[in-house]
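Colleague: Sharing a structure here in structure tokens format.
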There are 2 protein chains.
Amino acid sequence: MKQPTILDVAEEAGVSKSLVSLVMQGSDKVSDSSREAVLEAAQKLGYRPNAAARTMVQQRSSVIGVLVSNLHNPFFADVIDGIGATARDAGYRSILTTGNRVPERERLAVGTLLEMRVDGLIMISPVVNRECAIGASSSVPTVVVGKATRAPTVDSVTNDDRSGIGMVVDHLVGLGHSRIAHIDGGVGAGSRPRRTGYKRSMKRHGLEGEILSVPGSFTEEGGRAGMRSLLAGDTRPTAVLASNDLAAIGVLEVLDAEGLDVPGDISVTGYDNTAIAASHRLGLTTVDQPRHDMGRMAAELVLTKIDHDRAKASHVVLPPKLVVRESTGPPSR
Amino acid sequence: MKQPTILDVAEEAGVSKSLVSLVMQGSDKVSDSSREAVLEAAQKLGYRPNAAARTMVQQRSSVIGVLVSNLHNPFFADVIDGIGATARDAGYRSILTTGNRVPERERLAVGTLLEMRVDGLIMISPVVNRECAIGASSSVPTVVVGKATRAPTVDSVTNDDRSGIGMVVDHLVGLGHSRIAHIDGGVGAGSRPRRTGYKRSMKRHGLEGEILSVPGSFTEEGGRAGMRSLLAGDTRPTAVLASNDLAAIGVLEVLDAEGLDVPGDISVTGYDNTAIAASHRLGLTTVDQPRHDMGRMAAELVLTKIDHDRAKASHVVLPPKLVVRESTGPPSR
DNA sequence: CGAATGTGTTGGAACGTTCCAACACTCTAG
DNA sequence: CTAGAGTGTTGGAACGTTCCAACACATTCG
């Protein structure tokens, strides 16, 4: 288990540790014979550079740390893809941690990354409060994805949740709906703008009297709970805006179990345009976020901030896109 | 951006660096007054210990590295949960990397973890070849999840894929099917035992003449491709075993598009019992793997191997469980 | 021919932490 | 009063790497 060090390689190859270091870095100031000897020795011993030691002396790790709120949501996979690809092209590695939507664990997960001295931090739809991101940003370039963060030191990449939800409301109103209810995302990233977007759009259509937002979360269970509480109310809505696609699946489950037809009895919408939403079985009307681009942008922001420290924070807002499928239709009579 | 070190804290608190170190480790051999002064100074400076330095001197990182093949598959989320919980209880952190099902990137992702000197490595359903795991195991306790690895130095945690698939075949034969086709998982973990399990079960039922396995992968696209090639054949199967739930979704998509009824015209099964499979809309007959337990077991294997080096590799095989839903039924006439 | 330039190689310092042996002091027992 | 134990604190060595200044040697130039 004892790992060989650069000194072991140097001895094996009969050269100095400095020369081994140069070879490992791919320097061209090394004679072919030395290079060959070093590579052979390294191969023979199974040498692997020690990133901890390198991080120490270089005062940087060449690693981008990514906190992801919830691995159950395939939405994040594409964001992470975008981050990984961009980081890789710039010569950085990326590593992930998650707090599983538990604030305390999320804080711990961020702490792990910071202690490892990642060169940049990307928090995808964090559940933890903004102080955590602000605190992190004092030691490392930090970008939050999916949650607008009004802080002078934290960049953010979001889609325009308010207008995204607005498009959904417009679509439903256009179909003739007025009793349009909303299931909230709770503490999760992006729930506030979606909630206010919902309320504003309703008002804009003169439907402030119909505004109904029930608690939920960005999970299947959150959708189920929200839908159950909606059904427990006096008047059933004719359309339901779930907090995201995952929640919409929960909503559909409850409705299926109740024997209610979608969209006959009730229209349902999600958010995120995940792959499952597209499946004909669900045919979920939803809002597409440019996931991969969001990841790419986030990584680019972090990378440029690593190179030349910007004074002001950047806040990138990408446009969402309504995707109409079979889960929405005109209200019954 | 310059991070304060333990020396800065020591100076601020008016004590030695050693004492700061003791306080940070929660030692009880520190006077209350000193502890207070140190904590106050650390707080004031925003001190965070440098994990790289600690790793150097302690010759261990207290980190478990996890390679996950595909973040799009929610199956892995629960496995990772299990790993994370177990690691946390033992005082370890866990970090993730992924290679996105691309062997070369997966190798790189493992390399990243090894260079960081993780104390244990868990590879979840790796796509990369076994040499990679064997190589890793020479420097760090390594466990592969989801892929049986016959190597004396690599532990493994799997479900019994062969018997899992066997249960599906038995179920379908019991319903009266005989033209039962199989969509393969390709290079991914677990595809071989599932393939052979399929073939053996078919033989066991005297159906060797009906054996038909087409290429695919453990993704929606793999399922779509597999189903398309099955439909292009001369005789349509009456039942299709998709490589996993994700692929089954792809299969259903193609069938829906073709206007074929499930299970009226054709029965479909998945593998993994992911949350979406349970959704009434899909109602997928599938095989449940004890995901969380698999993660827990994997972490436990790694942790015990970290503490006292076992001589022989452990291979844990957990029992799968057939979950019958609405996507399977008797064949048409 | 001596100086300047270039090529390949080298040892030592530094990074931030932990751990150890050693310290100064106080208290207790003989 | 002294030896011994106990308590809290300390400086120095070590971990494995990179980077720098310095080196030896060969080549080119004036």
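Following the order of the structure tokens, first chain is A, next is B, and so on, with residues numbered from 1 inside each chain and ligands from 1 in the order they appear.
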Applying 9 Å and only C-alpha atoms (C1' of nucleotides), which residues near range 258-262 of chain A remain after dropping the ones on its own chain fewer than 6 positions away? List them as a list of chain:residue names.

Modeller: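 These residues fall inside the cut-off: A:Leu252, A:Val268, A:Glu326, A:Ser327, A:Thr328, A:Gly329.
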
Colleague: Residues of the last selection are to be written out with C-alpha atoms, as a short mmCIF file (atom, residue, chain, number, x, y, z; two decimals), in the first residue's frame.

Modeller:
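Output contents, as saved in again_36.cif:
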```cif
data_model
loop_
_atom_site.label_atom_id
_atom_site.label_comp_id
_atom_site.auth_asym_id
_atom_site.auth_seq_id
_atom_site.Cartn_x
_atom_site.Cartn_y
_atom_site.Cartn_z
CA LEU A 252 -49.53 12.63 -11.66
CA VAL A 268 -50.38 19.48 -14.93
CA GLU A 326 -50.10 16.36 -23.59
CA SER A 327 -50.44 17.04 -19.88
CA THR A 328 -52.16 20.35 -20.51
CA GLY A 329 -55.44 20.98 -22.29
#
```

Colleague: Within 8 Å of chain B, which residues of chain D show up when using only C-alpha atoms (C1' of nucleotides), listed as a list of chain:residue names?

Modeller: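 Here is what falls inside 8 Å: D:DT7, D:DG8, D:DT9, D:DT10, D:DA14, D:DC15, D:DG16.
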
Colleague: Mind dumping the selected residues with N, CA and C atoms (P, O5', C5', C4', C3', O3' and C1' of nucleotides) as a compact mmCIF listing (two decimals), in the first residue's frame?

Modeller:
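Resulting contents of out.txt:
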```txt
# COMPACT_ATOMS: atom_id res chain seq x y z
P DT D 7 -4.00 15.17 34.78
O5' DT D 7 -3.48 16.61 34.37
C5' DT D 7 -3.52 17.68 35.33
C4' DT D 7 -3.09 18.95 34.64
C3' DT D 7 -3.66 19.14 33.23
O3' DT D 7 -4.21 20.44 33.15
C1' DT D 7 -1.32 19.39 33.19
P DG D 8 -5.21 20.82 31.99
O5' DG D 8 -4.24 21.68 31.08
C5' DG D 8 -3.71 22.89 31.63
C4' DG D 8 -2.55 23.35 30.79
C3' DG D 8 -2.88 23.62 29.31
O3' DG D 8 -2.66 25.00 29.10
C1' DG D 8 -0.83 22.44 29.56
P DT D 9 -2.83 25.68 27.69
O5' DT D 9 -1.38 25.57 27.07
C5' DT D 9 -0.31 26.28 27.70
C4' DT D 9 1.00 25.93 27.04
C3' DT D 9 1.07 26.22 25.55
O3' DT D 9 1.89 27.36 25.37
C1' DT D 9 2.14 24.16 26.14
P DT D 10 2.13 27.92 23.90
O5' DT D 10 3.44 27.14 23.49
C5' DT D 10 4.66 27.38 24.18
C4' DT D 10 5.73 26.46 23.62
C3' DT D 10 5.94 26.62 22.12
O3' DT D 10 7.13 27.36 21.90
C1' DT D 10 5.95 24.33 22.80
P DA D 14 13.40 14.41 10.13
O5' DA D 14 12.03 14.05 9.39
C5' DA D 14 11.04 13.27 10.06
C4' DA D 14 9.73 13.50 9.38
C3' DA D 14 9.79 13.44 7.84
O3' DA D 14 9.19 12.22 7.41
C1' DA D 14 8.43 15.24 8.63
P DC D 15 9.49 11.69 5.94
O5' DC D 15 8.12 11.92 5.18
C5' DC D 15 6.87 11.52 5.72
C4' DC D 15 5.79 12.32 5.05
C3' DC D 15 6.03 12.53 3.56
O3' DC D 15 5.38 11.49 2.84
C1' DC D 15 5.20 14.51 4.65
P DG D 16 6.18 10.76 1.61
O5' DG D 16 5.93 11.76 0.41
C5' DG D 16 4.63 11.89 -0.11
C4' DG D 16 4.61 12.97 -1.16
C3' DG D 16 5.59 12.73 -2.31
O3' DG D 16 4.93 13.06 -3.51
C1' DG D 16 6.01 14.83 -1.32
```

Colleague: Taking only C-alpha atoms (C1' of nucleotides) into account, report as a PDB file with C-alpha atoms (C1' of nucleotides), in the first residue's frame which residues of chain C lie within 10 Å of chain A.

Modeller:
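And here's selection_27.pdb as it stands now:
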```
ATOM      1  C1'  DT C   7      21.491  22.841 -22.710  1.00  0.00           C
ATOM      2  C1'  DG C   8      20.461  19.639 -19.337  1.00  0.00           C
ATOM      3  C1'  DT C   9      20.606  18.683 -14.590  1.00  0.00           C
ATOM      4  C1'  DT C  10      20.730  19.490  -9.603  1.00  0.00           C
ATOM      5  C1'  DG C  11      20.106  20.546  -4.386  1.00  0.00           C
ATOM      6  C1'  DA C  14       9.047  26.273   0.715  1.00  0.00           C
ATOM      7  C1'  DC C  15       4.062  24.970   1.197  1.00  0.00           C
ATOM      8  C1'  DG C  16       0.634  24.023   6.102  1.00  0.00           C
TER       9       DG C  16
END
```

Colleague: Select residues of chain A: the criterion is any atom within 9 Å of an atom of chain B, counting only C-alpha atoms; output as a ChimeraX atom specification.

Modeller: /A:1-3,46,48-56,70-78,80-81,93-98,100,109,111-117,135,137-141,220,249-250,252-253,256-257,275-276,279-282

Colleague: Name the residues in contact with Leu39 in chain A at a cut-off of 12 Å, using only C-alpha atoms (C1' of nucleotides), excluding same-chain residues fewer than 3 positions from it; report them as a compact mmCIF listing (two decimals) with N, CA and C atoms, in the first residue's frame.

Modeller:
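Saved result, part.txt, follows:
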```txt
# COMPACT_ATOMS: atom_id res chain seq x y z
N ILE A 6 8.32 10.52 -5.65
CA ILE A 6 9.16 11.01 -6.73
C ILE A 6 10.62 10.64 -6.46
N VAL A 9 11.28 7.11 -7.61
CA VAL A 9 11.42 7.08 -9.06
C VAL A 9 12.79 7.60 -9.46
N ALA A 10 13.20 8.68 -8.80
CA ALA A 10 14.50 9.29 -9.12
C ALA A 10 15.63 8.30 -8.89
N GLU A 12 15.42 5.00 -8.76
CA GLU A 12 15.29 3.91 -9.73
C GLU A 12 15.86 4.31 -11.08
N ALA A 13 15.60 5.56 -11.46
CA ALA A 13 16.04 6.00 -12.78
C ALA A 13 17.46 6.54 -12.75
N GLY A 14 18.01 6.73 -11.56
CA GLY A 14 19.37 7.26 -11.44
C GLY A 14 19.48 8.72 -11.79
N VAL A 15 18.45 9.47 -11.48
CA VAL A 15 18.49 10.92 -11.72
C VAL A 15 18.02 11.64 -10.46
N LEU A 19 14.50 16.32 -11.86
CA LEU A 19 14.36 15.87 -13.24
C LEU A 19 13.10 15.04 -13.41
N VAL A 20 12.81 14.20 -12.43
CA VAL A 20 11.58 13.42 -12.48
C VAL A 20 10.38 14.37 -12.55
N SER A 21 10.44 15.40 -11.72
CA SER A 21 9.36 16.36 -11.71
C SER A 21 9.17 16.98 -13.09
N LEU A 22 10.29 17.36 -13.70
CA LEU A 22 10.21 17.96 -15.04
C LEU A 22 9.58 17.01 -16.04
N VAL A 23 10.02 15.76 -16.01
CA VAL A 23 9.46 14.78 -16.94
C VAL A 23 7.96 14.66 -16.73
N MET A 24 7.55 14.58 -15.46
CA MET A 24 6.13 14.41 -15.16
C MET A 24 5.30 15.59 -15.65
N GLN A 25 5.94 16.74 -15.68
CA GLN A 25 5.22 17.92 -16.15
C GLN A 25 5.30 18.07 -17.66
N GLY A 26 5.98 17.13 -18.28
CA GLY A 26 6.06 17.17 -19.74
C GLY A 26 6.96 18.26 -20.27
N VAL A 30 14.33 18.33 -21.33
CA VAL A 30 14.84 17.08 -20.77
C VAL A 30 15.36 16.24 -21.92
N ASP A 32 16.19 13.07 -24.18
CA ASP A 32 15.35 11.91 -24.46
C ASP A 32 15.74 10.72 -23.59
N SER A 33 17.03 10.55 -23.38
CA SER A 33 17.47 9.39 -22.61
C SER A 33 16.96 9.49 -21.17
N SER A 34 17.06 10.68 -20.58
CA SER A 34 16.57 10.85 -19.21
C SER A 34 15.07 10.61 -19.15
N ARG A 35 14.38 11.22 -20.09
CA ARG A 35 12.92 11.09 -20.09
C ARG A 35 12.53 9.62 -20.13
N GLU A 36 13.17 8.91 -20.99
CA GLU A 36 12.85 7.49 -21.14
C GLU A 36 13.10 6.73 -19.84
N ALA A 42 9.03 5.10 -13.50
CA ALA A 42 7.72 5.45 -12.97
C ALA A 42 6.72 4.33 -13.26
N GLN A 43 6.78 3.86 -14.46
CA GLN A 43 5.90 2.77 -14.88
C GLN A 43 6.14 1.54 -14.00
N LYS A 44 7.41 1.21 -13.85
CA LYS A 44 7.77 0.02 -13.10
C LYS A 44 7.28 0.08 -11.66
N LEU A 45 7.42 1.25 -11.06
CA LEU A 45 7.04 1.39 -9.66
C LEU A 45 5.56 1.70 -9.47
N GLY A 46 4.88 2.00 -10.56
CA GLY A 46 3.48 2.38 -10.43
C GLY A 46 3.33 3.73 -9.75
N TYR A 47 4.19 4.65 -10.15
CA TYR A 47 4.19 5.96 -9.50
C TYR A 47 2.99 6.81 -9.92
N ARG A 48 2.41 7.47 -8.94
CA ARG A 48 1.35 8.44 -9.19
C ARG A 48 1.67 9.69 -8.40
```

Colleague: Can you pull out every residue within 10 Å of DA29 in chain C, counting only C-alpha atoms (C1' of nucleotides), but drop anything in the same chain fewer than 3 positions away, and send it as a ChimeraX atom specification?

Modeller: /D:3-5

Colleague: Just list the residues in range 255-321 of chain A DSSP gives alpha helix (DSSP H) on the backbone, as a list of chain:residue names.

Modeller: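 Taking range 255-321 of chain A and keeping alpha helix (DSSP H) only, one gets A:Leu255, A:Asp256, A:Ala257, A:Glu258, A:Ala275, A:Ile276, A:Ala277, A:Ala278, A:Arg291, A:His292, A:Asp293, A:Met294, A:Gly295, A:Arg296, A:Met297, A:Ala298, A:Ala299, A:Glu300, A:Leu301, A:Val302, A:Leu303, A:Thr304, A:Lys305, A:Ile306, A:Asp307.
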
Colleague: Just to be explicit: take each residue in the selection above, keep N, CA and C atoms, and write the result as a PDB file, in the first residue's frame.

Modeller:
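Result file follows (result.pdb):
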```pdb
ATOM      1  N   LEU A 255     -52.938  11.897  -8.873  1.00  0.00           N
ATOM      2  CA  LEU A 255     -54.122  12.057  -9.730  1.00  0.00           C
ATOM      3  C   LEU A 255     -54.534  10.716 -10.329  1.00  0.00           C
ATOM      4  N   ASP A 256     -53.553   9.936 -10.789  1.00  0.00           N
ATOM      5  CA  ASP A 256     -53.847   8.615 -11.336  1.00  0.00           C
ATOM      6  C   ASP A 256     -54.550   7.757 -10.284  1.00  0.00           C
ATOM      7  N   ALA A 257     -54.019   7.825  -9.074  1.00  0.00           N
ATOM      8  CA  ALA A 257     -54.590   7.013  -7.998  1.00  0.00           C
ATOM      9  C   ALA A 257     -56.016   7.444  -7.686  1.00  0.00           C
ATOM     10  N   GLU A 258     -56.283   8.734  -7.839  1.00  0.00           N
ATOM     11  CA  GLU A 258     -57.620   9.255  -7.560  1.00  0.00           C
ATOM     12  C   GLU A 258     -58.569   9.036  -8.740  1.00  0.00           C
ATOM     13  N   ALA A 275     -35.584  14.232 -19.135  1.00  0.00           N
ATOM     14  CA  ALA A 275     -35.841  13.204 -20.139  1.00  0.00           C
ATOM     15  C   ALA A 275     -37.155  12.473 -19.881  1.00  0.00           C
ATOM     16  N   ILE A 276     -37.453  12.210 -18.624  1.00  0.00           N
ATOM     17  CA  ILE A 276     -38.683  11.471 -18.319  1.00  0.00           C
ATOM     18  C   ILE A 276     -39.908  12.294 -18.712  1.00  0.00           C
ATOM     19  N   ALA A 277     -39.832  13.608 -18.530  1.00  0.00           N
ATOM     20  CA  ALA A 277     -40.970  14.463 -18.863  1.00  0.00           C
ATOM     21  C   ALA A 277     -41.314  14.312 -20.337  1.00  0.00           C
ATOM     22  N   ALA A 278     -40.269  14.107 -21.136  1.00  0.00           N
ATOM     23  CA  ALA A 278     -40.475  14.008 -22.573  1.00  0.00           C
ATOM     24  C   ALA A 278     -41.117  12.682 -22.957  1.00  0.00           C
ATOM     25  N   ARG A 291     -29.677  23.392 -19.742  1.00  0.00           N
ATOM     26  CA  ARG A 291     -28.867  22.809 -18.672  1.00  0.00           C
ATOM     27  C   ARG A 291     -27.388  22.801 -18.951  1.00  0.00           C
ATOM     28  N   HIS A 292     -27.059  22.238 -20.110  1.00  0.00           N
ATOM     29  CA  HIS A 292     -25.643  22.088 -20.438  1.00  0.00           C
ATOM     30  C   HIS A 292     -24.964  23.453 -20.502  1.00  0.00           C
ATOM     31  N   ASP A 293     -25.651  24.402 -21.131  1.00  0.00           N
ATOM     32  CA  ASP A 293     -25.097  25.753 -21.224  1.00  0.00           C
ATOM     33  C   ASP A 293     -24.955  26.395 -19.856  1.00  0.00           C
ATOM     34  N   MET A 294     -25.896  26.105 -18.981  1.00  0.00           N
ATOM     35  CA  MET A 294     -25.797  26.677 -17.633  1.00  0.00           C
ATOM     36  C   MET A 294     -24.549  26.163 -16.939  1.00  0.00           C
ATOM     37  N   GLY A 295     -24.281  24.876 -17.114  1.00  0.00           N
ATOM     38  CA  GLY A 295     -23.066  24.312 -16.536  1.00  0.00           C
ATOM     39  C   GLY A 295     -21.825  24.931 -17.152  1.00  0.00           C
ATOM     40  N   ARG A 296     -21.868  25.058 -18.460  1.00  0.00           N
ATOM     41  CA  ARG A 296     -20.725  25.626 -19.168  1.00  0.00           C
ATOM     42  C   ARG A 296     -20.456  27.059 -18.701  1.00  0.00           C
ATOM     43  N   MET A 297     -21.518  27.846 -18.664  1.00  0.00           N
ATOM     44  CA  MET A 297     -21.395  29.243 -18.223  1.00  0.00           C
ATOM     45  C   MET A 297     -20.828  29.322 -16.809  1.00  0.00           C
ATOM     46  N   ALA A 298     -21.362  28.487 -15.942  1.00  0.00           N
ATOM     47  CA  ALA A 298     -20.909  28.514 -14.549  1.00  0.00           C
ATOM     48  C   ALA A 298     -19.410  28.239 -14.489  1.00  0.00           C
ATOM     49  N   ALA A 299     -18.986  27.232 -15.229  1.00  0.00           N
ATOM     50  CA  ALA A 299     -17.570  26.880 -15.220  1.00  0.00           C
ATOM     51  C   ALA A 299     -16.741  28.024 -15.807  1.00  0.00           C
ATOM     52  N   GLU A 300     -17.242  28.635 -16.863  1.00  0.00           N
ATOM     53  CA  GLU A 300     -16.488  29.736 -17.467  1.00  0.00           C
ATOM     54  C   GLU A 300     -16.351  30.905 -16.497  1.00  0.00           C
ATOM     55  N   LEU A 301     -17.420  31.216 -15.802  1.00  0.00           N
ATOM     56  CA  LEU A 301     -17.357  32.299 -14.823  1.00  0.00           C
ATOM     57  C   LEU A 301     -16.302  32.010 -13.766  1.00  0.00           C
ATOM     58  N   VAL A 302     -16.331  30.789 -13.273  1.00  0.00           N
ATOM     59  CA  VAL A 302     -15.352  30.424 -12.245  1.00  0.00           C
ATOM     60  C   VAL A 302     -13.941  30.519 -12.802  1.00  0.00           C
ATOM     61  N   LEU A 303     -13.752  30.003 -13.994  1.00  0.00           N
ATOM     62  CA  LEU A 303     -12.410  29.963 -14.563  1.00  0.00           C
ATOM     63  C   LEU A 303     -11.868  31.368 -14.821  1.00  0.00           C
ATOM     64  N   THR A 304     -12.686  32.246 -15.355  1.00  0.00           N
ATOM     65  CA  THR A 304     -12.165  33.590 -15.596  1.00  0.00           C
ATOM     66  C   THR A 304     -11.883  34.286 -14.271  1.00  0.00           C
ATOM     67  N   LYS A 305     -12.688  34.012 -13.280  1.00  0.00           N
ATOM     68  CA  LYS A 305     -12.451  34.653 -11.984  1.00  0.00           C
ATOM     69  C   LYS A 305     -11.182  34.113 -11.331  1.00  0.00           C
ATOM     70  N   ILE A 306     -10.851  32.877 -11.626  1.00  0.00           N
ATOM     71  CA  ILE A 306      -9.606  32.328 -11.104  1.00  0.00           C
ATOM     72  C   ILE A 306      -8.422  33.072 -11.708  1.00  0.00           C
ATOM     73  N   ASP A 307      -8.524  33.332 -13.017  1.00  0.00           N
ATOM     74  CA  ASP A 307      -7.404  33.967 -13.708  1.00  0.00           C
ATOM     75  C   ASP A 307      -7.252  35.438 -13.347  1.00  0.00           C
TER      76      ASP A 307
END
```

Colleague: So which residues touch range 142-150 of chain B within 8 Å, counting only C-alpha atoms (C1' of nucleotides), skipping near sequence neighbours fewer than 5 positions away, as a list in words?

Modeller: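 In the requested form, the answer reads Gly120, Leu121, Ile122, Met123, Ile124, Ser125, Pro126, Arg130, Ala133, Ala136, Ser137, Asp155, Ser156, Val157, Thr158, Asn159, Ala189, Gly190, Met294, Gly295, Ala298, Leu301, Val302 and His315 of chain B.
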
Colleague: Among range 76-189 of chain B, which ones does DSSP assign to strand (DSSP E) (computed from the backbone)? Answer as a ChimeraX atom specification.

Modeller: /B:93-98,120-124,142-145,154-159,180-183

Colleague: Can you tell me, as a ChimeraX atom specification, what residues are no more than 8 Å from Val169 in chain A when counting only C-alpha atoms (C1' of nucleotides), ignoring any on the same chain fewer than 5 positions away?

Modeller: /A:180,198,201-202

Colleague: Fewer than 3 positions away in the same chain doesn't count, so skip those; otherwise give me all residues within 8 Å of Ser217 in chain A, counting only C-alpha atoms (C1' of nucleotides), as an MDAnalysis selection string.

Modeller: chainID A and resid 183:188 221:223 243 247
